[in-house]
$ cat coords21.csv   # CSV, C-alpha atoms
chain,number,residue,atom,x,y,z
A,1,MET,CA,101.1,101.2,105.1
A,2,LEU,CA,101.1,103.7,108.0
A,3,ALA,CA,98.2,105.7,106.5
A,4,TYR,CA,95.9,102.7,106.4
A,5,PHE,CA,96.6,101.8,110.1
A,6,LEU,CA,96.1,105.4,111.1
A,7,LEU,CA,92.8,105.3,109.3
A,8,LEU,CA,91.8,102.0,111.0
A,9,ALA,CA,92.9,103.4,114.4
A,10,ALA,CA,90.7,106.4,113.9
A,11,LEU,CA,87.7,104.3,112.9
A,12,ILE,CA,88.1,102.1,116.0
A,13,MET,CA,88.7,105.0,118.5
A,14,LEU,CA,85.7,106.9,117.2
A,15,ALA,CA,83.4,103.8,117.3
A,16,PRO,CA,81.7,104.8,120.7
A,17,LEU,CA,80.4,107.8,118.9
A,18,SER,CA,78.2,105.6,116.7
A,19,MET,CA,76.2,104.5,119.8
A,20,TYR,CA,74.9,108.0,120.3
A,21,LYS,CA,75.4,109.8,117.0
A,22,ARG,CA,75.2,107.2,114.3
A,23,ARG,CA,74.9,109.6,111.4
A,24,VAL,CA,77.7,111.7,112.7
A,25,TYR,CA,80.0,108.7,112.9
A,26,LEU,CA,79.0,107.6,109.5
A,27,LEU,CA,79.8,111.1,108.1
A,28,VAL,CA,83.2,111.3,109.8
A,29,ALA,CA,84.2,107.8,108.8
A,30,LEU,CA,83.2,108.3,105.2
A,31,SER,CA,85.1,111.7,105.1
A,32,MET,CA,88.3,110.0,106.3
A,33,ILE,CA,88.0,107.3,103.7
A,34,TRP,CA,87.2,109.9,101.1
A,35,ILE,CA,90.4,111.8,101.8
A,36,VAL,CA,92.5,108.6,101.6
A,37,MET,CA,90.9,107.6,98.3
A,38,GLY,CA,90.5,111.0,96.6
A,39,TYR,CA,93.9,112.5,97.5
A,40,ARG,CA,96.0,109.4,96.9
A,41,GLY,CA,99.1,109.8,94.8
A,42,PHE,CA,98.8,108.8,91.1
A,43,THR,CA,101.0,105.8,91.8
A,44,VAL,CA,98.6,104.3,94.4
A,45,GLY,CA,96.5,101.6,92.9
A,46,ASN,CA,97.4,99.3,90.0
A,47,ASP,CA,95.3,101.1,87.4
A,48,THR,CA,95.4,104.7,88.8
A,49,SER,CA,98.4,105.8,86.7
A,50,THR,CA,96.7,104.4,83.6
A,51,TYR,CA,93.5,106.3,84.1
A,52,VAL,CA,95.6,109.5,84.8
A,53,GLN,CA,97.5,109.1,81.6
A,54,LEU,CA,94.3,108.3,79.6
A,55,TYR,CA,92.3,111.2,81.2
A,56,PRO,CA,93.1,113.8,78.3
A,57,GLN,CA,92.8,111.1,75.7
A,58,LEU,CA,89.4,109.9,76.8
A,59,ALA,CA,88.2,113.5,77.0
A,60,GLN,CA,88.8,113.7,73.3
A,61,GLN,CA,87.2,110.4,72.3
A,62,ASP,CA,84.3,110.6,69.8
A,63,LEU,CA,81.0,109.3,71.2
A,64,THR,CA,79.0,109.9,68.1
A,65,ASN,CA,79.6,106.3,66.9
A,66,GLY,CA,76.6,105.4,69.0
A,67,PHE,CA,75.8,104.3,72.5
A,68,PHE,CA,75.5,100.5,71.8
A,69,GLU,CA,78.7,100.4,69.6
A,70,GLN,CA,80.6,102.0,72.5
A,71,MET,CA,79.1,99.7,75.1
A,72,ILE,CA,79.7,96.5,73.2
A,73,GLY,CA,82.9,97.2,71.2
A,74,GLY,CA,84.6,100.0,73.0
A,75,ARG,CA,87.4,99.4,75.6
A,76,PHE,CA,85.9,102.0,77.9
A,77,GLU,CA,82.1,102.1,78.4
A,78,PHE,CA,80.0,105.1,77.3
A,79,GLY,CA,79.2,106.3,80.9
A,80,PHE,CA,82.8,106.4,82.0
A,81,VAL,CA,84.0,108.2,78.8
A,82,PHE,CA,81.1,110.7,79.2
A,83,LEU,CA,82.0,111.3,82.8
A,84,VAL,CA,85.6,112.0,81.8
A,85,LYS,CA,84.6,114.4,79.1
A,86,CYS,CA,82.4,116.4,81.5
A,87,LEU,CA,85.1,116.5,84.1
A,88,TYR,CA,87.8,117.5,81.6
A,89,PHE,CA,85.6,120.4,80.5
A,90,ILE,CA,85.8,121.6,84.1
A,91,SER,CA,89.5,120.9,84.7
A,92,SER,CA,92.3,119.2,82.8
A,93,ASP,CA,93.8,118.0,86.2
A,94,PRO,CA,93.1,114.3,86.6
A,95,ARG,CA,92.9,114.8,90.3
A,96,LEU,CA,89.4,115.9,89.7
A,97,LEU,CA,88.5,112.5,88.4
A,98,LEU,CA,89.9,110.8,91.5
A,99,ILE,CA,88.0,113.2,93.8
A,100,VAL,CA,84.7,112.9,92.0
A,101,VAL,CA,84.9,109.1,91.8
A,102,ALA,CA,85.9,108.8,95.5
A,103,THR,CA,83.0,111.1,96.4
A,104,PHE,CA,80.4,109.0,94.6
A,105,GLU,CA,81.9,105.8,96.1
A,106,VAL,CA,81.7,106.9,99.7
A,107,VAL,CA,78.2,108.4,99.3
A,108,SER,CA,77.0,105.1,97.8
A,109,LEU,CA,78.8,103.2,100.6
A,110,GLY,CA,77.1,105.4,103.2
A,111,TYR,CA,73.7,104.9,101.6
A,112,PHE,CA,74.2,101.1,101.6
A,113,LEU,CA,75.5,100.9,105.2
A,114,GLY,CA,73.1,103.5,106.5
A,115,ASN,CA,70.2,101.4,105.4
A,116,LEU,CA,71.4,97.9,106.3
A,117,SER,CA,74.3,97.9,108.8
A,118,VAL,CA,73.6,97.4,112.5
A,119,ASN,CA,77.2,97.9,113.4
A,120,ILE,CA,78.6,100.9,111.3
A,121,PRO,CA,82.1,100.9,112.8
A,122,LEU,CA,82.7,97.3,112.0
A,123,SER,CA,81.3,97.7,108.5
A,124,MET,CA,83.7,100.6,107.9
A,125,ILE,CA,86.7,98.6,109.2
A,126,LEU,CA,85.8,95.7,106.9
A,127,PHE,CA,85.5,98.0,103.9
A,128,VAL,CA,89.2,98.9,104.5
A,129,THR,CA,90.6,95.5,105.7
A,130,MET,CA,88.8,93.3,103.2
A,131,ASN,CA,90.3,95.4,100.5
A,132,PHE,CA,87.2,97.0,99.1
A,133,MET,CA,88.9,100.3,99.5
A,134,GLY,CA,92.1,98.9,97.9
A,135,LEU,CA,90.1,97.8,94.9
A,136,SER,CA,88.3,101.1,94.7
A,137,MET,CA,91.7,102.8,94.4
A,138,SER,CA,92.6,100.6,91.5
A,139,ALA,CA,89.8,99.2,89.4
A,140,MET,CA,88.0,102.6,88.9
A,141,ARG,CA,85.3,101.7,86.4
A,142,GLN,CA,84.4,98.5,88.1
A,143,CYS,CA,84.1,100.1,91.5
A,144,ILE,CA,81.9,102.9,90.2
A,145,ALA,CA,79.7,100.1,88.9
A,146,MET,CA,80.0,98.3,92.3
A,147,SER,CA,78.8,101.6,94.0
A,148,PHE,CA,75.8,101.7,91.7
A,149,GLY,CA,75.3,98.1,92.6
A,150,MET,CA,75.0,98.9,96.3
A,151,ILE,CA,72.4,101.5,95.6
A,152,SER,CA,70.5,99.1,93.4
A,153,ILE,CA,70.4,96.5,96.2
A,154,ILE,CA,68.7,98.9,98.5
A,155,TYR,CA,66.1,99.7,95.8
A,156,LEU,CA,65.5,96.0,95.3
A,157,LEU,CA,65.0,95.4,99.1
A,158,LYS,CA,62.6,98.3,99.2
A,159,ALA,CA,60.6,96.8,96.2
A,160,HIS,CA,61.5,99.7,93.8
A,161,LYS,CA,62.0,97.3,90.9
A,162,TRP,CA,62.1,100.0,88.2
A,163,ARG,CA,64.7,102.0,90.1
A,164,PHE,CA,66.7,98.8,90.6
A,165,LEU,CA,66.6,98.1,86.9
A,166,MET,CA,67.6,101.7,86.0
A,167,VAL,CA,70.5,101.8,88.4
A,168,VAL,CA,71.9,98.5,87.2
A,169,LEU,CA,71.7,99.6,83.6
A,170,LEU,CA,73.4,102.8,84.6
A,171,ALA,CA,76.1,100.8,86.4
A,172,ALA,CA,76.6,98.8,83.1
A,173,THR,CA,77.5,102.1,81.3
A,174,PHE,CA,80.6,102.1,83.5
A,175,HIS,CA,81.4,98.4,83.5
A,176,LYS,CA,79.6,95.9,81.3
A,177,ALA,CA,79.9,93.2,84.0
A,178,ALA,CA,77.4,95.0,86.2
A,179,LEU,CA,74.6,93.5,84.1
A,180,VAL,CA,75.2,90.3,86.1
A,181,LEU,CA,73.4,92.1,89.0
A,182,LEU,CA,70.1,91.6,87.1
A,183,ILE,CA,70.0,88.0,88.4
A,184,LEU,CA,69.4,89.4,91.9
A,185,TYR,CA,65.8,90.4,91.0
A,186,PRO,CA,64.5,86.8,90.4
A,187,ILE,CA,66.5,85.6,93.3
A,188,TYR,CA,65.0,88.1,95.7
A,189,GLN,CA,61.5,87.2,94.4
A,190,MET,CA,61.9,83.5,95.0
A,191,ASP,CA,61.6,81.6,98.2
A,192,ILE,CA,65.2,80.7,99.1
A,193,SER,CA,64.7,77.2,100.3
A,194,ALA,CA,66.7,73.9,100.2
A,195,LYS,CA,64.9,73.0,96.9
A,196,ALA,CA,65.9,76.4,95.4
A,197,LEU,CA,69.5,76.0,96.5
A,198,MET,CA,69.7,72.6,94.8
A,199,LEU,CA,68.2,74.1,91.6
A,200,TRP,CA,70.8,76.9,91.5
A,201,THR,CA,73.6,74.5,92.4
A,202,GLY,CA,72.6,72.3,89.5
A,203,LEU,CA,72.5,75.3,87.2
A,204,PHE,CA,76.0,76.4,88.4
A,205,MET,CA,77.4,72.9,87.7
A,206,ILE,CA,76.1,73.0,84.1
A,207,VAL,CA,77.7,76.4,83.6
A,208,TYR,CA,81.0,75.2,85.1
A,209,LEU,CA,81.2,72.0,83.2
A,210,THR,CA,80.4,73.7,79.9
A,211,PHE,CA,82.4,76.8,80.6
A,212,GLY,CA,85.2,76.2,78.1
A,213,SER,CA,82.8,75.5,75.2
A,214,TRP,CA,80.8,78.7,75.4
A,215,PHE,CA,83.2,81.2,77.0
A,216,ASN,CA,85.7,81.4,74.1
A,217,VAL,CA,82.8,81.9,71.7
A,218,LEU,CA,81.4,84.7,73.9
A,219,THR,CA,84.8,86.6,74.2
A,220,GLN,CA,85.3,86.4,70.4
A,221,GLN,CA,82.0,88.1,69.8
A,222,VAL,CA,82.8,91.1,72.0
A,223,THR,CA,85.6,93.2,70.5
A,224,ALA,CA,86.8,94.6,73.8
A,225,TYR,CA,87.5,91.1,75.1
A,226,THR,CA,88.9,89.3,72.0
A,227,ASN,CA,92.3,89.1,73.7
A,228,TYR,CA,90.9,87.4,76.8
A,229,GLY,CA,90.7,83.8,75.5
A,230,LEU,CA,90.4,81.0,78.0
A,231,LEU,CA,93.7,79.4,77.2
A,232,ASN,CA,95.9,82.4,78.0
A,233,ASN,CA,94.0,83.6,81.0
A,234,GLY,CA,93.2,80.5,82.9
A,235,ALA,CA,94.4,79.6,86.4
A,236,ASP,CA,97.5,81.8,86.7
A,237,SER,CA,99.4,83.7,89.4
A,238,ASN,CA,96.0,85.0,90.7
A,239,SER,CA,94.9,81.5,91.6
A,240,LEU,CA,96.1,81.8,95.2
A,241,GLY,CA,94.1,85.0,95.6
A,242,ILE,CA,91.0,83.4,94.2
A,243,ALA,CA,91.4,80.4,96.4
A,244,ILE,CA,91.8,82.7,99.5
A,245,LYS,CA,88.6,84.5,98.4
A,246,ILE,CA,86.6,81.3,98.1
A,247,LEU,CA,87.8,80.2,101.6
A,248,GLU,CA,87.1,83.7,103.0
A,249,LEU,CA,83.5,83.8,101.7
A,250,SER,CA,82.8,80.2,102.8
A,251,VAL,CA,83.9,81.0,106.4
A,252,ILE,CA,81.8,84.1,106.5
A,253,ILE,CA,78.7,82.2,105.2
A,254,VAL,CA,79.2,79.5,107.9
A,255,PHE,CA,79.7,82.1,110.6
A,256,CYS,CA,76.6,84.0,109.6
A,257,ILE,CA,74.5,80.9,109.5
A,258,LEU,CA,75.6,79.9,112.9
A,259,SER,CA,74.8,83.3,114.3
A,260,LYS,CA,71.4,84.5,115.6
A,261,ARG,CA,68.7,83.9,112.9
A,262,PRO,CA,66.5,86.9,112.1
A,263,LYS,CA,62.8,86.8,112.6
A,264,GLU,CA,60.3,86.7,109.8
A,265,THR,CA,59.3,90.2,110.7
A,266,PRO,CA,61.7,92.2,113.0
A,267,VAL,CA,60.4,93.9,116.1
A,268,VAL,CA,59.4,97.5,115.5
A,269,GLY,CA,62.4,99.7,116.3
A,270,SER,CA,64.9,96.8,115.9
A,271,PRO,CA,68.0,97.6,113.8
A,272,ASP,CA,67.9,94.0,112.4
A,273,PHE,CA,66.5,93.2,108.9
A,274,ASP,CA,64.0,90.4,108.2
A,275,LEU,CA,64.6,86.8,107.4
A,276,LYS,CA,64.1,87.2,103.7
A,277,THR,CA,66.7,89.9,103.5
A,278,TRP,CA,69.1,87.8,105.5
A,279,LYS,CA,68.7,84.8,103.2
A,280,PHE,CA,69.1,87.0,100.2
A,281,LEU,CA,72.3,88.6,101.4
A,282,LEU,CA,73.7,85.1,102.2
A,283,PHE,CA,72.8,84.0,98.7
A,284,MET,CA,74.7,86.9,97.3
A,285,LEU,CA,77.8,85.7,99.1
A,286,ALA,CA,77.2,82.2,97.6
A,287,ILE,CA,77.0,83.8,94.2
A,288,GLY,CA,80.3,85.4,94.9
A,289,ILE,CA,81.8,82.0,95.6
A,290,ALA,CA,80.4,80.6,92.4
A,291,PHE,CA,82.0,83.4,90.3
A,292,SER,CA,85.3,82.9,92.2
A,293,ILE,CA,85.2,79.2,91.3
A,294,LEU,CA,84.7,80.1,87.7
A,295,ALA,CA,87.6,82.5,88.0
A,296,LEU,CA,89.9,79.5,88.5
A,297,LYS,CA,89.3,78.8,84.8
A,298,PHE,CA,89.4,82.5,83.8
A,299,SER,CA,90.9,84.9,86.3
A,300,GLN,CA,89.2,88.0,85.0
A,301,ILE,CA,85.9,86.7,86.3
A,302,SER,CA,87.1,87.1,89.9
A,303,ARG,CA,86.3,90.8,89.6
A,304,ILE,CA,82.7,90.1,89.0
A,305,SER,CA,82.5,88.5,92.5
A,306,ILE,CA,83.0,91.9,94.1
A,307,PHE,CA,79.4,93.0,93.1
A,308,PHE,CA,78.1,90.3,95.4
A,309,GLU,CA,80.8,90.3,98.1
A,310,VAL,CA,79.5,93.7,99.4
A,311,ALA,CA,76.9,91.7,101.4
A,312,MET,CA,79.6,90.8,103.9
A,313,LEU,CA,79.8,94.5,104.9
A,314,VAL,CA,76.4,94.1,106.6
A,315,LEU,CA,76.2,90.4,107.3
A,316,VAL,CA,79.3,90.1,109.4
A,317,PRO,CA,78.6,93.2,111.6
A,318,ARG,CA,75.1,92.0,112.0
A,319,SER,CA,76.2,88.6,113.3
A,320,VAL,CA,78.6,90.3,115.8
A,321,GLY,CA,76.5,93.2,116.7
A,322,LEU,CA,73.4,91.2,117.7
A,323,MET,CA,75.1,88.8,120.1
A,324,ARG,CA,73.0,88.6,123.2
A,325,LEU,CA,75.5,89.6,125.9
A,326,PRO,CA,77.3,92.9,125.8
A,327,SER,CA,80.5,91.0,126.8
A,328,SER,CA,80.0,88.6,123.8
A,329,ARG,CA,79.5,91.6,121.5
A,330,LEU,CA,82.7,93.2,122.7
A,331,ILE,CA,84.7,90.0,122.3
A,332,GLY,CA,83.2,89.4,119.0
A,333,ASN,CA,84.1,92.8,117.7
A,334,ILE,CA,87.7,92.6,119.0
A,335,VAL,CA,88.2,89.1,117.5
A,336,THR,CA,86.7,90.1,114.2
A,337,ILE,CA,88.8,93.3,114.0
A,338,CYS,CA,92.0,91.4,114.9
A,339,ILE,CA,91.4,88.8,112.2
A,340,ALA,CA,90.4,91.4,109.6
A,341,VAL,CA,93.4,93.7,110.3
A,342,SER,CA,95.8,90.7,110.3
A,343,TYR,CA,94.3,89.6,106.9
A,344,PHE,CA,94.9,93.1,105.5
A,345,TYR,CA,98.4,93.2,106.8
A,346,ILE,CA,99.3,89.8,105.4
A,347,ILE,CA,97.9,90.6,101.9
A,348,GLN,CA,99.5,94.0,101.7
A,349,THR,CA,102.8,92.7,103.0
A,350,TYR,CA,103.2,89.5,101.0
A,351,ARG,CA,101.0,90.2,97.9
A,352,PRO,CA,101.1,94.0,97.5
A,353,GLU,CA,100.9,93.6,93.7
A,354,TRP,CA,97.3,92.5,94.0
A,355,TYR,CA,96.1,96.0,94.6
A,356,GLY,CA,99.2,98.2,94.3
A,357,ILE,CA,98.2,100.5,97.2
A,358,VAL,CA,101.4,100.0,99.2
A,359,PRO,CA,103.3,102.3,99.7
A,360,TYR,CA,100.7,105.0,100.2
A,361,VAL,CA,101.5,108.4,98.8
A,362,PHE,CA,99.5,111.5,99.6
A,363,THR,CA,98.7,113.5,96.3
A,364,GLY,CA,101.3,114.0,93.6

$ encode --input "coords21.csv" --output "structure tokens"
Amino acid sequence: MLAYFLLLAALIMLAPLSMYKRRVYLLVALSMIWIVMGYRGFTVGNDTSTYVQLYPQLAQQDLTNGFFEQMIGGRFEFGFVFLVKCLYFISSDPRLLLIVVATFEVVSLGYFLGNLSVNIPLSMILFVTMNFMGLSMSAMRQCIAMSFGMISIIYLLKAHKWRFLMVVLLAATFHKAALVLLILYPIYQMDISAKALMLWTGLFMIVYLTFGSWFNVLTQQVTAYTNYGLLNNGADSNSLGIAIKILELSVIIVFCILSKRPKETPVVGSPDFDLKTWKFLLFMLAIGIAFSILALKFSQISRISIFFEVAMLVLVPRSVGLMRLPSSRLIGNIVTICIAVSYFYIIQTYRPEWYGIVPYVFTG
């Protein structure tokens, strides 16, 4: 675990640089995270060794059966297999796969935070301590899709609806679950009011109460998920982690709501985003809670939540970074970092099997 604490120490000590050279700090921080992710040992991350072993096999996989057949019935989506085939053509060393994926993930993270975060150092620290980095070193296909998801969110906020759609569809070629991001478009277009929240809450209750009746039917129709029936993947040993996730997201939402509320239109030159964006990002966290609650019935759904949890990387730093008094901001940063680092230490010490990133091994 020493490697992660050294990374965190570097991110914290270099934080003053972000006040004067924001882009330089962003580049340095992303480079350090890239090294940890891209040059990790093949034993770091629950699924890393599996992808390493499958690297030559996927490179030989036949994609002539058709795009849609591969997307719906294949174990690995078309986009990921195509990426592996291209990389294998360059080198048979699976290290190339880890490096390329890590590069794309940190570039996407930088684009997301560079556009939305008002407190880059805290965003970076949360990326590590809230286990986004840990998941990125394990669930490769899903986190490639998550990275595309972060890009799509920026396009949505900038009103580039066709770019948003294209990026989400591209994300789905790496992980089918990314299609769930399409619900963000109607959500962003609507007025997020008390009435809208009641409507969406009612819709969620219907989905939750009828979950068992339609989910087994759905999984039986998709070949890749026929072994994921509700009965044998319900609330299991992951229930504790899911419950912690629900509590974590709930606390963050309450904290952000109690913080300084954005204005309808931010002051020119202000790093803050507008009220509509703030409400939208909070709603994303609420969706993350909804999927986590569904995951208590079927644990695999918990991974869908990560597509929406990325909102915390900008919401929490915003709430801390825009406190009125400098002393309050300093205390807020210190307290947040202490809580986040403690959370990371507890999870990696007592539940290391959740991510499989401890102990960390450099290369090999």

$ residues_around --input "coords21.csv" --residues "range 2-13 of chain A" --least-positions-apart "5" --cutoff "9 Å" --atoms "only C-alpha atoms" --output "list in words"
Tyr25, Val28, Ala29, Met32, Ile33, Val36, Pro121, Leu122, Met124, Ile125, Val128, Thr129, Val341, Pro359, Tyr360 and Val361 of chain A

$ atom_distance --input "coords21.csv" --atom1 "CA of Phe344 in chain A" --atom2 "CA of Met137 in chain A"
15.1 Å

$ closest_residue --input "coords21.csv" --among "A:Ile334, A:Leu126, A:Ile187, A:Ala145" --to "Ile287 in chain A" --atoms "all atoms listed in the file"
A:Ile187

$ closest_residue --input "coords21.csv" --among "A:Glu309, A:Pro317, A:Ile289, A:Thr277" --to "Arg329 in chain A" --atoms "only C-alpha atoms"
A:Pro317

$ atom_distance --input "coords21.csv" --atom1 "CA of Leu63 in chain A" --atom2 "CA of Ile99 in chain A"
24.0 Å

$ closest_residue --input "coords21.csv" --among "A:Tyr208, A:Phe308, A:Arg95, A:Tyr55" --to "Ala177 in chain A" --atoms "all atoms listed in the file"
A:Phe308

$ closest_residue --input "coords21.csv" --among "A:Arg22, A:His160, A:Arg318, A:Arg303" --to "Cys256 in chain A" --atoms "only C-alpha atoms"
A:Arg318

$ residues_around --input "coords21.csv" --residues "Tyr155 in chain A" --least-positions-apart "5" --cutoff "10 Å" --atoms "only C-alpha atoms" --output "list of chain:residue names"
A:Gly149, A:Met150, A:His160, A:Lys161, A:Trp162, A:Arg163, A:Phe164, A:Leu165, A:Val167

$ write_last_selection --input "coords21.csv" --atoms "C-alpha atoms" --output "PDB file, keeping the file's coordinate frame"
ATOM      1  CA  GLY A 149      75.300  98.100  92.600  1.00  0.00           C
ATOM      2  CA  MET A 150      75.000  98.900  96.300  1.00  0.00           C
ATOM      3  CA  HIS A 160      61.500  99.700  93.800  1.00  0.00           C
ATOM      4  CA  LYS A 161      62.000  97.300  90.900  1.00  0.00           C
ATOM      5  CA  TRP A 162      62.100 100.000  88.200  1.00  0.00           C
ATOM      6  CA  ARG A 163      64.700 102.000  90.100  1.00  0.00           C
ATOM      7  CA  PHE A 164      66.700  98.800  90.600  1.00  0.00           C
ATOM      8  CA  LEU A 165      66.600  98.100  86.900  1.00  0.00           C
ATOM      9  CA  VAL A 167      70.500 101.800  88.400  1.00  0.00           C
TER      10      VAL A 167
END

$ atom_distance --input "coords21.csv" --atom1 "CA of Pro352 in chain A" --atom2 "CA of Gly241 in chain A"
11.6 Å

$ residues_around --input "coords21.csv" --residues "Ser250 in chain A" --least-positions-apart "4" --cutoff "8 Å" --atoms "only C-alpha atoms" --output "short mmCIF file (atom, residue, chain, number, x, y, z; two decimals) with C-alpha atoms, in the coordinates of the input"
data_model
loop_
_atom_site.label_atom_id
_atom_site.label_comp_id
_atom_site.auth_asym_id
_atom_site.auth_seq_id
_atom_site.Cartn_x
_atom_site.Cartn_y
_atom_site.Cartn_z
CA ILE A 246 86.60 81.30 98.10
CA VAL A 254 79.20 79.50 107.90
CA ALA A 286 77.20 82.20 97.60
CA ILE A 289 81.80 82.00 95.60
#

$ closest_residue --input "coords21.csv" --among "A:Thr43, A:Ser123, A:Ser18, A:Thr173" --to "Phe80 in chain A" --atoms "only C-alpha atoms"
A:Thr173

$ closest_residue --input "coords21.csv" --among "A:Leu275, A:Gln57, A:Ile144, A:Val320" --to "Val335 in chain A" --atoms "all atoms listed in the file"
A:Val320

$ residues_around --input "coords21.csv" --residues "Gly356 in chain A" --least-positions-apart "4" --cutoff "9 Å" --atoms "all atoms listed in the file" --output "short mmCIF file (atom, residue, chain, number, x, y, z; two decimals) with C-alpha atoms, keeping the file's coordinate frame"
data_model
loop_
_atom_site.label_atom_id
_atom_site.label_comp_id
_atom_site.auth_asym_id
_atom_site.auth_seq_id
_atom_site.Cartn_x
_atom_site.Cartn_y
_atom_site.Cartn_z
CA THR A 43 101.00 105.80 91.80
CA VAL A 44 98.60 104.30 94.40
CA GLY A 45 96.50 101.60 92.90
CA ASN A 46 97.40 99.30 90.00
CA ASP A 47 95.30 101.10 87.40
CA GLY A 134 92.10 98.90 97.90
CA MET A 137 91.70 102.80 94.40
CA SER A 138 92.60 100.60 91.50
CA GLN A 348 99.50 94.00 101.70
CA ARG A 351 101.00 90.20 97.90
CA PRO A 352 101.10 94.00 97.50
#

$ residues_around --input "coords21.csv" --residues "Tyr185 in chain A" --least-positions-apart "4" --cutoff "10 Å" --atoms "all atoms listed in the file" --output "list in words"
Ile153, Leu156, Leu157, Ala159, Lys161, Phe164, Leu165, Leu181, Gln189 and Met190 of chain A
